Amino acid sequence: SQKIEQNSEALNIQEGKTATLTCNYTNYSPAYLQWYRQDPGRGPVFLLLIRENEKEKRKERLKVTFDTTLKQSLFHITASQPADSATYLCALENTGNQFYFGTGTSLTVIP
Amino acid sequence: KAGVTQTPRYLIKTRGQQVTLSCSPISGHRSVSWYQQTPGQGLQFLFEYFSETQRNKGNFPGRFSGRQFSNSRSEMNVSTLELGDSALYLCASGLGGFDTGELFFGEGSRLTVL
């Protein structure tokens, strides 16, 4: 069955550093992968989508890479700020709008 | 434009009762999907509706059901509640075509079963 793993449950970094989060998947060949941010008690909010033919995607301080050979996506936040503290989820879409989510990585940016 | 609206935001039920949760998608979105989120299991797919038809269903027992109305609003129902059904139930709306981009989530309905 499809499996999505985000390699660490929690990540603490100093303000100003780059946070790197990992998403690995098995038994799946997604056409694209998405990243979401979730704050406590709130619904996830879409951040970025990267397609299988795109190696890298950027949006302001965010960067996502997608390696279909390694079956892995990396999510980077550069110049991190305390406001970036949240849980980050990666998601793959199965055929027909059935999304699989990783369990998330809780990021804490320390001032 | 207005986002995805879920009601109620919080509710407490006892074992054996049933519950109905409501979701109003973003205007123009025809796909509504439901997810259960718990600390141990993360976000798990329940089912997805498109134009009043259930297109996909996750691995949940038959006690979990849903429907979608002609205005795209959706409801999900859980019957014979169990303690393990305590969770945040999230609704998401989207355009509904494959590879059409992101999901827009509501704030969720927090269900506590006592």
# chains A, B, ... in the order shown; residues from 1 in each chain; ligands from 1
>>> residues_around(residues="Ser109 (chain B)", least_positions_apart="3", cutoff="6 Å", atoms="only C-alpha atoms", output="PyMOL selection string")
chain B and resi 8-10+88-89
>>> write_last_selection(atoms="all heavy atoms", output="compact mmCIF listing (two decimals), in the first residue's frame")
# COMPACT_ATOMS: atom_id res chain seq x y z
N PRO B 8 -20.73 21.87 13.24
CA PRO B 8 -20.29 22.82 14.25
C PRO B 8 -18.77 22.76 14.42
O PRO B 8 -18.13 21.85 13.91
CB PRO B 8 -21.00 22.30 15.50
CG PRO B 8 -21.08 20.83 15.28
CD PRO B 8 -21.29 20.64 13.80
N ARG B 9 -18.19 23.71 15.09
CA ARG B 9 -16.73 23.68 15.30
C ARG B 9 -16.35 22.70 16.41
O ARG B 9 -15.31 22.06 16.35
CB ARG B 9 -16.24 25.08 15.67
CG ARG B 9 -16.23 26.07 14.53
CD ARG B 9 -15.20 25.72 13.44
NE ARG B 9 -13.88 25.38 13.96
CZ ARG B 9 -12.96 26.26 14.31
NH1 ARG B 9 -13.20 27.55 14.23
NH2 ARG B 9 -11.78 25.86 14.75
N TYR B 10 -17.17 22.62 17.41
CA TYR B 10 -16.90 21.72 18.53
C TYR B 10 -18.19 21.01 18.93
O TYR B 10 -19.25 21.60 18.88
CB TYR B 10 -16.38 22.50 19.75
CG TYR B 10 -15.14 23.31 19.47
CD1 TYR B 10 -15.24 24.64 19.07
CD2 TYR B 10 -13.87 22.75 19.60
CE1 TYR B 10 -14.11 25.39 18.80
CE2 TYR B 10 -12.73 23.50 19.34
CZ TYR B 10 -12.87 24.81 18.94
OH TYR B 10 -11.74 25.55 18.68
N LEU B 88 -10.41 15.42 15.01
CA LEU B 88 -10.74 16.62 14.24
C LEU B 88 -11.16 16.16 12.86
O LEU B 88 -10.40 15.45 12.18
CB LEU B 88 -9.52 17.53 14.15
CG LEU B 88 -9.70 18.84 13.37
CD1 LEU B 88 -10.69 19.77 14.09
CD2 LEU B 88 -8.36 19.55 13.16
N TYR B 89 -12.35 16.52 12.45
CA TYR B 89 -12.85 16.14 11.13
C TYR B 89 -12.75 17.35 10.22
O TYR B 89 -13.33 18.41 10.48
CB TYR B 89 -14.29 15.62 11.22
CG TYR B 89 -14.32 14.27 11.91
CD1 TYR B 89 -14.43 14.17 13.29
CD2 TYR B 89 -14.18 13.10 11.16
CE1 TYR B 89 -14.43 12.93 13.92
CE2 TYR B 89 -14.17 11.86 11.79
CZ TYR B 89 -14.28 11.79 13.17
OH TYR B 89 -14.26 10.57 13.79
>>> closest_atom_pairs(of="chain A", to="chain B", cutoff="8 Å", atoms="only C-alpha atoms", output="CSV")
residue,atom,partner,partner_atom,distance
A:Ala31,CA,B:Asp99,CA,7.5
A:Tyr32,CA,B:Asp99,CA,7.5
A:Gln34,CA,B:Glu102,CA,7.5
A:Gly41,CA,B:Glu107,CA,7.4
A:Arg42,CA,B:Glu107,CA,4.9
A:Gly43,CA,B:Glu107,CA,4.6
A:Pro44,CA,B:Phe105,CA,6.1
A:Val45,CA,B:Phe105,CA,6.8
A:Phe46,CA,B:Glu102,CA,6.2
A:Leu49,CA,B:Gly101,CA,7.2
A:Glu93,CA,B:Asp99,CA,7.8
A:Thr95,CA,B:Phe98,CA,6.7
A:Gly96,CA,B:Phe98,CA,5.9
A:Asn97,CA,B:Phe98,CA,6.1
A:Gln98,CA,B:Asn56,CA,6.6
A:Phe99,CA,B:Phe45,CA,6.8
A:Tyr100,CA,B:Phe45,CA,7.1
A:Phe101,CA,B:Leu43,CA,6.0
A:Gly102,CA,B:Gly42,CA,7.2
A:Thr103,CA,B:Gly42,CA,4.8
A:Gly104,CA,B:Gly42,CA,7.5
>>> write_last_selection(atoms="N, CA, C and O atoms", output="compact mmCIF listing (two decimals), in the first residue's frame")
# COMPACT_ATOMS: atom_id res chain seq x y z
N ALA A 31 1.93 12.08 -9.92
CA ALA A 31 2.14 13.08 -10.96
C ALA A 31 2.61 14.40 -10.33
O ALA A 31 3.25 15.21 -10.98
N TYR A 32 2.25 14.60 -9.07
CA TYR A 32 2.71 15.81 -8.39
C TYR A 32 2.62 15.60 -6.89
O TYR A 32 2.02 14.62 -6.42
N GLN A 34 2.32 17.87 -3.03
CA GLN A 34 1.96 19.16 -2.44
C GLN A 34 2.50 19.27 -1.02
O GLN A 34 2.72 18.25 -0.34
N GLY A 41 -5.08 23.50 15.84
CA GLY A 41 -6.51 23.74 15.85
C GLY A 41 -7.08 24.30 14.56
O GLY A 41 -8.25 24.67 14.52
N ARG A 42 -6.27 24.37 13.52
CA ARG A 42 -6.72 24.93 12.25
C ARG A 42 -6.61 23.88 11.14
O ARG A 42 -5.94 22.86 11.28
N GLY A 43 -7.27 24.15 10.03
CA GLY A 43 -7.12 23.26 8.90
C GLY A 43 -5.84 23.55 8.15
O GLY A 43 -5.28 24.64 8.22
N PRO A 44 -5.33 22.56 7.41
CA PRO A 44 -4.10 22.77 6.62
C PRO A 44 -4.32 23.85 5.56
O PRO A 44 -5.41 24.00 5.02
N VAL A 45 -3.22 24.54 5.26
CA VAL A 45 -3.24 25.58 4.23
C VAL A 45 -2.21 25.22 3.18
O VAL A 45 -1.05 24.92 3.49
N PHE A 46 -2.62 25.25 1.93
CA PHE A 46 -1.75 24.90 0.81
C PHE A 46 -0.60 25.88 0.69
O PHE A 46 -0.77 27.10 0.83
N LEU A 49 2.94 23.31 -4.83
CA LEU A 49 2.73 22.09 -5.59
C LEU A 49 3.89 21.95 -6.56
O LEU A 49 4.31 22.93 -7.19
N GLU A 93 -1.56 12.83 -4.45
CA GLU A 93 -2.92 12.55 -4.90
C GLU A 93 -2.97 11.22 -5.64
O GLU A 93 -2.22 11.00 -6.59
N THR A 95 -5.37 8.59 -7.92
CA THR A 95 -6.33 8.91 -8.97
C THR A 95 -7.68 9.23 -8.34
O THR A 95 -8.09 8.58 -7.39
N GLY A 96 -8.33 10.22 -8.84
CA GLY A 96 -9.67 10.55 -8.38
C GLY A 96 -9.74 11.32 -7.09
O GLY A 96 -10.66 11.12 -6.30
N ASN A 97 -8.79 12.21 -6.88
CA ASN A 97 -8.90 13.14 -5.77
C ASN A 97 -8.87 12.50 -4.39
O ASN A 97 -9.49 12.99 -3.45
N GLN A 98 -8.22 11.38 -4.27
CA GLN A 98 -7.99 10.79 -2.96
C GLN A 98 -6.57 11.11 -2.56
O GLN A 98 -5.62 10.64 -3.17
N PHE A 99 -6.43 11.95 -1.56
CA PHE A 99 -5.12 12.42 -1.16
C PHE A 99 -4.59 11.62 0.02
O PHE A 99 -5.32 11.28 0.95
N TYR A 100 -3.31 11.33 -0.04
CA TYR A 100 -2.60 10.72 1.07
C TYR A 100 -1.69 11.75 1.69
O TYR A 100 -0.92 12.41 0.97
N PHE A 101 -1.76 11.89 3.00
CA PHE A 101 -0.94 12.86 3.71
C PHE A 101 0.10 12.16 4.58
O PHE A 101 -0.16 11.09 5.14
N GLY A 102 1.26 12.78 4.69
CA GLY A 102 2.22 12.34 5.68
C GLY A 102 1.73 12.77 7.06
O GLY A 102 0.79 13.55 7.19
N THR A 103 2.39 12.25 8.09
CA THR A 103 1.95 12.57 9.46
C THR A 103 2.46 13.94 9.91
O THR A 103 2.05 14.42 10.96
N GLY A 104 3.32 14.54 9.11
CA GLY A 104 3.71 15.91 9.40
C GLY A 104 4.99 16.03 10.20
O GLY A 104 5.38 15.11 10.93
>>> residues_around(residues="Thr87 (chain A)", least_positions_apart="5", cutoff="7 Å", atoms="only C-alpha atoms", output="ChimeraX atom specification")
/A:37-39,104-107
>>> write_last_selection(atoms="C-alpha atoms", output="mmCIF file, in the first residue's frame")
data_model
loop_
_atom_site.group_PDB
_atom_site.id
_atom_site.type_symbol
_atom_site.label_atom_id
_atom_site.label_comp_id
_atom_site.auth_asym_id
_atom_site.auth_seq_id
_atom_site.Cartn_x
_atom_site.Cartn_y
_atom_site.Cartn_z
ATOM 1 C CA ARG A 37 1.098 24.158 6.597
ATOM 2 C CA GLN A 38 -1.101 23.482 9.617
ATOM 3 C CA ASP A 39 -1.332 25.592 12.739
ATOM 4 C CA GLY A 104 3.713 15.906 9.398
ATOM 5 C CA THR A 105 6.793 17.535 10.837
ATOM 6 C CA SER A 106 6.389 20.028 13.656
ATOM 7 C CA LEU A 107 8.784 22.901 13.097
#
>>> residues_around(residues="region 63-70 of chain A", least_positions_apart="5", cutoff="12 Å", atoms="only C-alpha atoms", output="short mmCIF file (atom, residue, chain, number, x, y, z; two decimals) with all heavy atoms, in the first residue's frame")
data_model
loop_
_atom_site.label_atom_id
_atom_site.label_comp_id
_atom_site.auth_asym_id
_atom_site.auth_seq_id
_atom_site.Cartn_x
_atom_site.Cartn_y
_atom_site.Cartn_z
N THR A 18 18.15 27.84 7.76
CA THR A 18 17.29 27.16 6.79
C THR A 18 16.76 25.87 7.38
O THR A 18 17.53 25.04 7.85
CB THR A 18 18.05 26.87 5.49
OG1 THR A 18 18.44 28.09 4.88
CG2 THR A 18 17.18 26.06 4.53
N ALA A 19 15.45 25.72 7.33
CA ALA A 19 14.81 24.48 7.78
C ALA A 19 14.63 23.58 6.57
O ALA A 19 14.18 24.03 5.51
CB ALA A 19 13.46 24.77 8.43
N THR A 20 14.97 22.30 6.72
CA THR A 20 14.79 21.33 5.64
C THR A 20 13.96 20.17 6.15
O THR A 20 14.34 19.50 7.11
CB THR A 20 16.15 20.82 5.12
OG1 THR A 20 16.89 21.93 4.60
CG2 THR A 20 15.94 19.80 4.02
N LEU A 21 12.83 19.94 5.51
CA LEU A 21 11.93 18.87 5.88
C LEU A 21 11.89 17.86 4.75
O LEU A 21 11.97 18.22 3.57
CB LEU A 21 10.51 19.42 6.12
CG LEU A 21 10.24 20.20 7.41
CD1 LEU A 21 11.06 21.48 7.49
CD2 LEU A 21 8.76 20.51 7.53
N THR A 22 11.74 16.59 5.11
CA THR A 22 11.82 15.51 4.12
C THR A 22 10.51 14.74 4.05
O THR A 22 9.87 14.50 5.07
CB THR A 22 12.95 14.53 4.50
OG1 THR A 22 14.16 15.26 4.62
CG2 THR A 22 13.11 13.46 3.44
N CYS A 23 10.15 14.38 2.84
CA CYS A 23 8.97 13.56 2.60
C CYS A 23 9.38 12.41 1.67
O CYS A 23 9.86 12.66 0.56
CB CYS A 23 7.88 14.41 1.95
SG CYS A 23 6.39 13.51 1.48
N ASN A 24 9.23 11.19 2.15
CA ASN A 24 9.54 10.00 1.33
C ASN A 24 8.27 9.20 1.10
O ASN A 24 7.43 9.09 1.99
CB ASN A 24 10.57 9.12 2.05
CG ASN A 24 11.91 9.80 2.21
OD1 ASN A 24 12.63 10.03 1.25
ND2 ASN A 24 12.24 10.17 3.44
N TYR A 25 8.15 8.62 -0.07
CA TYR A 25 6.95 7.85 -0.37
C TYR A 25 7.34 6.52 -1.03
O TYR A 25 8.41 6.40 -1.64
CB TYR A 25 5.99 8.64 -1.26
CG TYR A 25 6.57 9.09 -2.58
CD1 TYR A 25 6.45 8.31 -3.72
CD2 TYR A 25 7.24 10.31 -2.68
CE1 TYR A 25 6.98 8.73 -4.93
CE2 TYR A 25 7.78 10.73 -3.88
CZ TYR A 25 7.65 9.94 -5.00
OH TYR A 25 8.18 10.34 -6.20
N THR A 26 6.48 5.54 -0.87
CA THR A 26 6.72 4.23 -1.46
C THR A 26 5.45 3.73 -2.12
O THR A 26 4.34 4.14 -1.77
CB THR A 26 7.16 3.21 -0.39
OG1 THR A 26 6.17 3.16 0.63
CG2 THR A 26 8.50 3.56 0.21
N ASN A 27 5.64 2.82 -3.06
CA ASN A 27 4.53 2.19 -3.78
C ASN A 27 3.59 3.18 -4.42
O ASN A 27 2.37 3.02 -4.41
CB ASN A 27 3.73 1.28 -2.82
CG ASN A 27 4.55 0.14 -2.30
OD1 ASN A 27 5.44 -0.36 -2.99
ND2 ASN A 27 4.30 -0.27 -1.08
N TYR A 28 4.19 4.18 -4.98
CA TYR A 28 3.36 5.19 -5.64
C TYR A 28 4.19 5.94 -6.66
O TYR A 28 5.39 6.11 -6.48
CB TYR A 28 2.80 6.17 -4.60
CG TYR A 28 1.72 7.06 -5.15
CD1 TYR A 28 0.47 6.57 -5.47
CD2 TYR A 28 1.97 8.40 -5.38
CE1 TYR A 28 -0.51 7.38 -6.00
CE2 TYR A 28 1.01 9.22 -5.90
CZ TYR A 28 -0.23 8.70 -6.21
OH TYR A 28 -1.19 9.51 -6.74
N SER A 29 3.55 6.37 -7.73
CA SER A 29 4.21 7.18 -8.76
C SER A 29 3.36 8.43 -8.99
O SER A 29 2.57 8.50 -9.94
CB SER A 29 4.35 6.39 -10.07
OG SER A 29 5.17 5.26 -9.87
N PRO A 30 3.48 9.40 -8.12
CA PRO A 30 2.62 10.57 -8.20
C PRO A 30 2.96 11.48 -9.37
O PRO A 30 4.12 11.61 -9.76
CB PRO A 30 2.87 11.29 -6.87
CG PRO A 30 4.26 10.91 -6.51
CD PRO A 30 4.45 9.50 -7.02
N ALA A 31 1.93 12.08 -9.92
CA ALA A 31 2.14 13.08 -10.96
C ALA A 31 2.61 14.40 -10.33
O ALA A 31 3.25 15.21 -10.98
CB ALA A 31 0.85 13.30 -11.73
N TYR A 32 2.25 14.60 -9.07
CA TYR A 32 2.71 15.81 -8.39
C TYR A 32 2.62 15.60 -6.89
O TYR A 32 2.02 14.62 -6.42
CB TYR A 32 1.89 17.03 -8.83
CG TYR A 32 0.43 16.99 -8.46
CD1 TYR A 32 -0.03 17.60 -7.31
CD2 TYR A 32 -0.48 16.36 -9.29
CE1 TYR A 32 -1.36 17.58 -6.98
CE2 TYR A 32 -1.82 16.32 -8.97
CZ TYR A 32 -2.26 16.94 -7.82
OH TYR A 32 -3.59 16.91 -7.50
N LEU A 33 3.21 16.51 -6.16
CA LEU A 33 3.26 16.42 -4.71
C LEU A 33 2.98 17.82 -4.18
O LEU A 33 3.36 18.83 -4.77
CB LEU A 33 4.64 15.92 -4.28
CG LEU A 33 4.92 15.69 -2.79
CD1 LEU A 33 5.90 14.52 -2.64
CD2 LEU A 33 5.51 16.92 -2.15
N GLN A 34 2.32 17.87 -3.03
CA GLN A 34 1.96 19.16 -2.44
C GLN A 34 2.50 19.27 -1.02
O GLN A 34 2.72 18.25 -0.34
CB GLN A 34 0.44 19.30 -2.37
CG GLN A 34 -0.25 19.21 -3.70
CD GLN A 34 -1.75 19.40 -3.58
OE1 GLN A 34 -2.28 19.67 -2.52
NE2 GLN A 34 -2.44 19.26 -4.69
N TRP A 35 2.69 20.48 -0.58
CA TRP A 35 3.06 20.77 0.81
C TRP A 35 2.02 21.72 1.41
O TRP A 35 1.59 22.68 0.75
CB TRP A 35 4.45 21.39 0.89
CG TRP A 35 5.54 20.39 0.70
CD1 TRP A 35 6.10 20.00 -0.48
CD2 TRP A 35 6.20 19.65 1.73
NE1 TRP A 35 7.07 19.05 -0.25
CE2 TRP A 35 7.15 18.82 1.10
CE3 TRP A 35 6.09 19.60 3.13
CZ2 TRP A 35 7.99 17.95 1.81
CZ3 TRP A 35 6.92 18.75 3.83
CH2 TRP A 35 7.85 17.94 3.18
N TYR A 36 1.67 21.41 2.66
CA TYR A 36 0.69 22.21 3.40
C TYR A 36 1.29 22.62 4.74
O TYR A 36 2.15 21.94 5.29
CB TYR A 36 -0.59 21.41 3.66
CG TYR A 36 -1.44 21.15 2.45
CD1 TYR A 36 -1.11 20.15 1.54
CD2 TYR A 36 -2.57 21.91 2.20
CE1 TYR A 36 -1.89 19.91 0.41
CE2 TYR A 36 -3.37 21.68 1.09
CZ TYR A 36 -3.02 20.68 0.21
OH TYR A 36 -3.79 20.45 -0.90
N LEU A 47 0.60 25.32 0.42
CA LEU A 47 1.78 26.16 0.23
C LEU A 47 2.31 26.06 -1.19
O LEU A 47 2.46 27.06 -1.88
CB LEU A 47 2.87 25.75 1.22
CG LEU A 47 2.58 25.98 2.70
CD1 LEU A 47 3.70 25.40 3.55
CD2 LEU A 47 2.39 27.46 3.00
N LEU A 48 2.66 24.85 -1.60
CA LEU A 48 3.32 24.67 -2.89
C LEU A 48 2.91 23.34 -3.52
O LEU A 48 2.65 22.37 -2.81
CB LEU A 48 4.84 24.67 -2.74
CG LEU A 48 5.57 26.00 -2.61
CD1 LEU A 48 7.01 25.77 -2.18
CD2 LEU A 48 5.52 26.77 -3.93
N LEU A 49 2.94 23.31 -4.83
CA LEU A 49 2.73 22.09 -5.59
C LEU A 49 3.89 21.95 -6.56
O LEU A 49 4.31 22.93 -7.19
CB LEU A 49 1.41 22.18 -6.35
CG LEU A 49 0.99 21.03 -7.26
CD1 LEU A 49 -0.53 21.01 -7.41
CD2 LEU A 49 1.62 21.13 -8.65
N ILE A 50 4.43 20.74 -6.66
CA ILE A 50 5.51 20.50 -7.61
C ILE A 50 5.16 19.27 -8.43
O ILE A 50 4.71 18.25 -7.89
CB ILE A 50 6.88 20.34 -6.89
CG1 ILE A 50 8.01 20.21 -7.91
CG2 ILE A 50 6.86 19.18 -5.91
CD1 ILE A 50 9.39 20.39 -7.31
N ARG A 51 5.33 19.36 -9.74
CA ARG A 51 4.97 18.27 -10.64
C ARG A 51 6.17 17.37 -10.88
O ARG A 51 7.31 17.76 -10.65
CB ARG A 51 4.44 18.84 -11.96
CG ARG A 51 3.24 19.75 -11.75
CD ARG A 51 2.61 20.23 -13.04
NE ARG A 51 1.57 21.22 -12.78
CZ ARG A 51 0.35 20.93 -12.33
NH1 ARG A 51 0.03 19.67 -12.11
NH2 ARG A 51 -0.52 21.87 -12.10
N GLU A 52 5.90 16.19 -11.40
CA GLU A 52 6.95 15.19 -11.54
C GLU A 52 8.04 15.62 -12.52
O GLU A 52 9.17 15.16 -12.43
CB GLU A 52 6.35 13.85 -11.99
CG GLU A 52 5.63 13.90 -13.32
CD GLU A 52 5.08 12.55 -13.73
OE1 GLU A 52 5.57 11.52 -13.21
OE2 GLU A 52 4.17 12.52 -14.57
N ASN A 53 7.71 16.49 -13.46
CA ASN A 53 8.70 16.95 -14.43
C ASN A 53 9.41 18.23 -13.97
O ASN A 53 10.21 18.80 -14.72
CB ASN A 53 8.07 17.17 -15.80
CG ASN A 53 6.98 18.22 -15.76
OD1 ASN A 53 6.56 18.64 -14.68
ND2 ASN A 53 6.53 18.65 -16.92
N GLU A 54 9.13 18.66 -12.75
CA GLU A 54 9.80 19.84 -12.19
C GLU A 54 10.75 19.38 -11.11
O GLU A 54 10.38 18.62 -10.22
CB GLU A 54 8.77 20.80 -11.58
CG GLU A 54 7.79 21.38 -12.59
CD GLU A 54 6.71 22.21 -11.91
OE1 GLU A 54 6.17 21.77 -10.87
OE2 GLU A 54 6.41 23.30 -12.43
N LYS A 55 11.97 19.82 -11.18
CA LYS A 55 12.94 19.42 -10.17
C LYS A 55 12.87 20.31 -8.95
O LYS A 55 13.18 19.89 -7.83
CB LYS A 55 14.36 19.47 -10.77
CG LYS A 55 14.57 18.47 -11.89
CD LYS A 55 14.36 17.04 -11.41
CE LYS A 55 14.60 16.05 -12.52
NZ LYS A 55 14.25 14.66 -12.12
N GLU A 56 12.48 21.56 -9.17
CA GLU A 56 12.52 22.53 -8.08
C GLU A 56 11.43 23.57 -8.30
O GLU A 56 11.11 23.94 -9.43
CB GLU A 56 13.89 23.20 -8.06
CG GLU A 56 14.11 24.21 -6.97
CD GLU A 56 15.51 24.79 -7.04
OE1 GLU A 56 16.49 24.04 -6.88
OE2 GLU A 56 15.62 26.02 -7.25
N LYS A 57 10.87 24.04 -7.19
CA LYS A 57 9.85 25.10 -7.24
C LYS A 57 10.12 26.06 -6.10
O LYS A 57 10.44 25.63 -4.98
CB LYS A 57 8.47 24.47 -7.06
CG LYS A 57 7.29 25.31 -7.52
CD LYS A 57 7.11 25.21 -8.99
CE LYS A 57 5.79 25.78 -9.46
NZ LYS A 57 4.69 24.82 -9.28
N ARG A 58 9.97 27.34 -6.37
CA ARG A 58 10.22 28.33 -5.33
C ARG A 58 9.03 29.27 -5.17
O ARG A 58 8.34 29.59 -6.13
CB ARG A 58 11.46 29.16 -5.67
CG ARG A 58 12.78 28.43 -5.59
CD ARG A 58 13.93 29.31 -6.06
NE ARG A 58 15.18 28.58 -6.11
CZ ARG A 58 16.09 28.59 -5.13
NH1 ARG A 58 15.88 29.30 -4.04
NH2 ARG A 58 17.21 27.90 -5.25
N PHE A 75 11.60 20.04 1.45
CA PHE A 75 10.92 21.33 1.61
C PHE A 75 11.84 22.21 2.45
O PHE A 75 12.21 21.84 3.57
CB PHE A 75 9.58 21.10 2.31
CG PHE A 75 8.80 22.35 2.62
CD1 PHE A 75 8.05 22.97 1.64
CD2 PHE A 75 8.80 22.90 3.89
CE1 PHE A 75 7.31 24.11 1.92
CE2 PHE A 75 8.08 24.04 4.19
CZ PHE A 75 7.33 24.64 3.20
N HIS A 76 12.23 23.34 1.89
CA HIS A 76 13.16 24.24 2.57
C HIS A 76 12.48 25.57 2.89
O HIS A 76 11.76 26.11 2.05
CB HIS A 76 14.37 24.54 1.68
CG HIS A 76 15.07 23.33 1.15
ND1 HIS A 76 16.09 22.70 1.84
CD2 HIS A 76 14.90 22.63 0.00
CE1 HIS A 76 16.51 21.67 1.12
NE2 HIS A 76 15.81 21.60 0.00
N ILE A 77 12.75 26.07 4.09
CA ILE A 77 12.35 27.43 4.46
C ILE A 77 13.64 28.17 4.76
O ILE A 77 14.34 27.84 5.73
CB ILE A 77 11.43 27.47 5.69
CG1 ILE A 77 10.20 26.58 5.48
CG2 ILE A 77 11.00 28.91 5.99
CD1 ILE A 77 9.32 26.48 6.72
N THR A 78 13.98 29.14 3.96
CA THR A 78 15.20 29.91 4.19
C THR A 78 14.90 31.11 5.09
O THR A 78 13.76 31.56 5.18
CB THR A 78 15.79 30.40 2.86
OG1 THR A 78 14.81 31.22 2.20
CG2 THR A 78 16.16 29.23 1.97
N ALA A 79 15.95 31.58 5.77
CA ALA A 79 15.81 32.74 6.67
C ALA A 79 14.59 32.56 7.57
O ALA A 79 13.71 33.42 7.63
CB ALA A 79 15.71 34.03 5.87
N CYS A 90 3.21 16.86 3.83
CA CYS A 90 3.28 16.62 2.40
C CYS A 90 2.11 15.74 2.00
O CYS A 90 1.57 14.99 2.83
CB CYS A 90 4.61 16.00 1.98
SG CYS A 90 4.92 14.35 2.63
N LEU A 92 0.20 13.47 -1.44
CA LEU A 92 0.18 12.94 -2.79
C LEU A 92 -1.27 12.67 -3.18
O LEU A 92 -2.08 12.29 -2.33
CB LEU A 92 0.96 11.63 -2.88
CG LEU A 92 2.40 11.63 -2.43
CD1 LEU A 92 2.95 10.21 -2.45
CD2 LEU A 92 3.22 12.53 -3.34
#
>>> atom_distance(atom1="CA of Ile12 (chain B)", atom2="CA of Leu114 (chain B)")
7.3 Å
>>> select_by_dssp(residues="region 24-108 of chain A", states="strand (DSSP E or B)", output="number ranges by chain")
A: 24-26, 32-38, 45-51, 56-59, 62-67, 72-77, 86-94, 98-101, 105-108
>>> residues_around(residues="Ile26 (chain B)", least_positions_apart="2", cutoff="8 Å", atoms="only C-alpha atoms", output="list in words")
Lys1, Ala2, Gly3, Val4, Ser24, Gly28, His29, Ser93 and Gly94 of chain B
>>> closest_residue(among="B:Gln36, B:Asn59, B:Thr20, B:Ser51", to="Arg73 (chain B)", atoms="only C-alpha atoms")
B:Ser51
>>> residues_around(residues="Arg15 (chain B)", least_positions_apart="6", cutoff="9 Å", atoms="only C-alpha atoms", output="PyMOL selection string")
chain B and resi 80-83+113-114
>>> write_last_selection(atoms="N, CA and C atoms", output="CSV table (one decimal), in the first residue's frame")
chain,number,residue,atom,x,y,z
B,80,THR,N,-23.4,5.3,15.8
B,80,THR,CA,-23.0,4.4,16.9
B,80,THR,C,-21.5,4.8,17.3
B,81,LEU,N,-21.4,6.0,17.8
B,81,LEU,CA,-20.1,6.6,18.1
B,81,LEU,C,-19.3,5.7,19.0
B,82,GLU,N,-18.0,5.7,18.8
B,82,GLU,CA,-17.1,5.0,19.7
B,82,GLU,C,-16.1,6.0,20.2
B,83,LEU,N,-15.4,5.6,21.3
B,83,LEU,CA,-14.4,6.6,21.9
B,83,LEU,C,-13.3,6.9,20.9
B,113,VAL,N,-15.9,12.2,22.0
B,113,VAL,CA,-16.8,11.1,22.3
B,113,VAL,C,-16.5,10.7,23.8
B,114,LEU,N,-17.5,10.8,24.6
B,114,LEU,CA,-17.3,10.4,26.0
B,114,LEU,C,-17.9,9.1,26.3
>>> closest_residue(among="A:Thr108, A:Gln2, A:Ser80, A:Ser85", to="Glu15 (chain A)", atoms="only C-alpha atoms")
A:Ser80
>>> atom_distance(atom1="CA of Ala83 (chain A)", atom2="CA of Val109 (chain A)")
7.7 Å
>>> residues_around(residues="Val78 (chain B)", least_positions_apart="5", cutoff="7 Å", atoms="only C-alpha atoms", output="number ranges by chain")
B: 18-20, 63-65
>>> decode(residues="region 68-91 of chain B", atoms="C-alpha atoms", output="PDB file, in the first residue's frame")
ATOM      1  CA  GLN B  68     -23.423  15.883  -1.159  1.00  0.00           C
ATOM      2  CA  PHE B  69     -26.268  18.130  -2.167  1.00  0.00           C
ATOM      3  CA  SER B  70     -26.924  19.815  -5.485  1.00  0.00           C
ATOM      4  CA  ASN B  71     -25.415  23.072  -4.185  1.00  0.00           C
ATOM      5  CA  SER B  72     -22.189  21.140  -3.390  1.00  0.00           C
ATOM      6  CA  ARG B  73     -22.689  21.384   0.358  1.00  0.00           C
ATOM      7  CA  SER B  74     -21.790  18.142   2.056  1.00  0.00           C
ATOM      8  CA  GLU B  75     -22.585  16.344   5.251  1.00  0.00           C
ATOM      9  CA  MET B  76     -20.918  13.434   6.936  1.00  0.00           C
ATOM     10  CA  ASN B  77     -22.538  11.215   9.497  1.00  0.00           C
ATOM     11  CA  VAL B  78     -21.045   8.903  12.071  1.00  0.00           C
ATOM     12  CA  SER B  79     -23.413   6.458  13.713  1.00  0.00           C
ATOM     13  CA  THR B  80     -22.964   4.421  16.885  1.00  0.00           C
ATOM     14  CA  LEU B  81     -20.095   6.574  18.067  1.00  0.00           C
ATOM     15  CA  GLU B  82     -17.070   4.972  19.676  1.00  0.00           C
ATOM     16  CA  LEU B  83     -14.420   6.555  21.882  1.00  0.00           C
ATOM     17  CA  GLY B  84     -11.916   6.166  19.059  1.00  0.00           C
ATOM     18  CA  ASP B  85     -13.987   8.431  16.837  1.00  0.00           C
ATOM     19  CA  SER B  86     -12.803  11.427  18.846  1.00  0.00           C
ATOM     20  CA  ALA B  87     -10.887  13.487  16.308  1.00  0.00           C
ATOM     21  CA  LEU B  88     -10.736  16.618  14.241  1.00  0.00           C
ATOM     22  CA  TYR B  89     -12.847  16.139  11.130  1.00  0.00           C
ATOM     23  CA  LEU B  90     -11.711  18.248   8.231  1.00  0.00           C
ATOM     24  CA  CYS B  91     -13.528  19.042   5.053  1.00  0.00           C
TER      25      CYS B  91
END
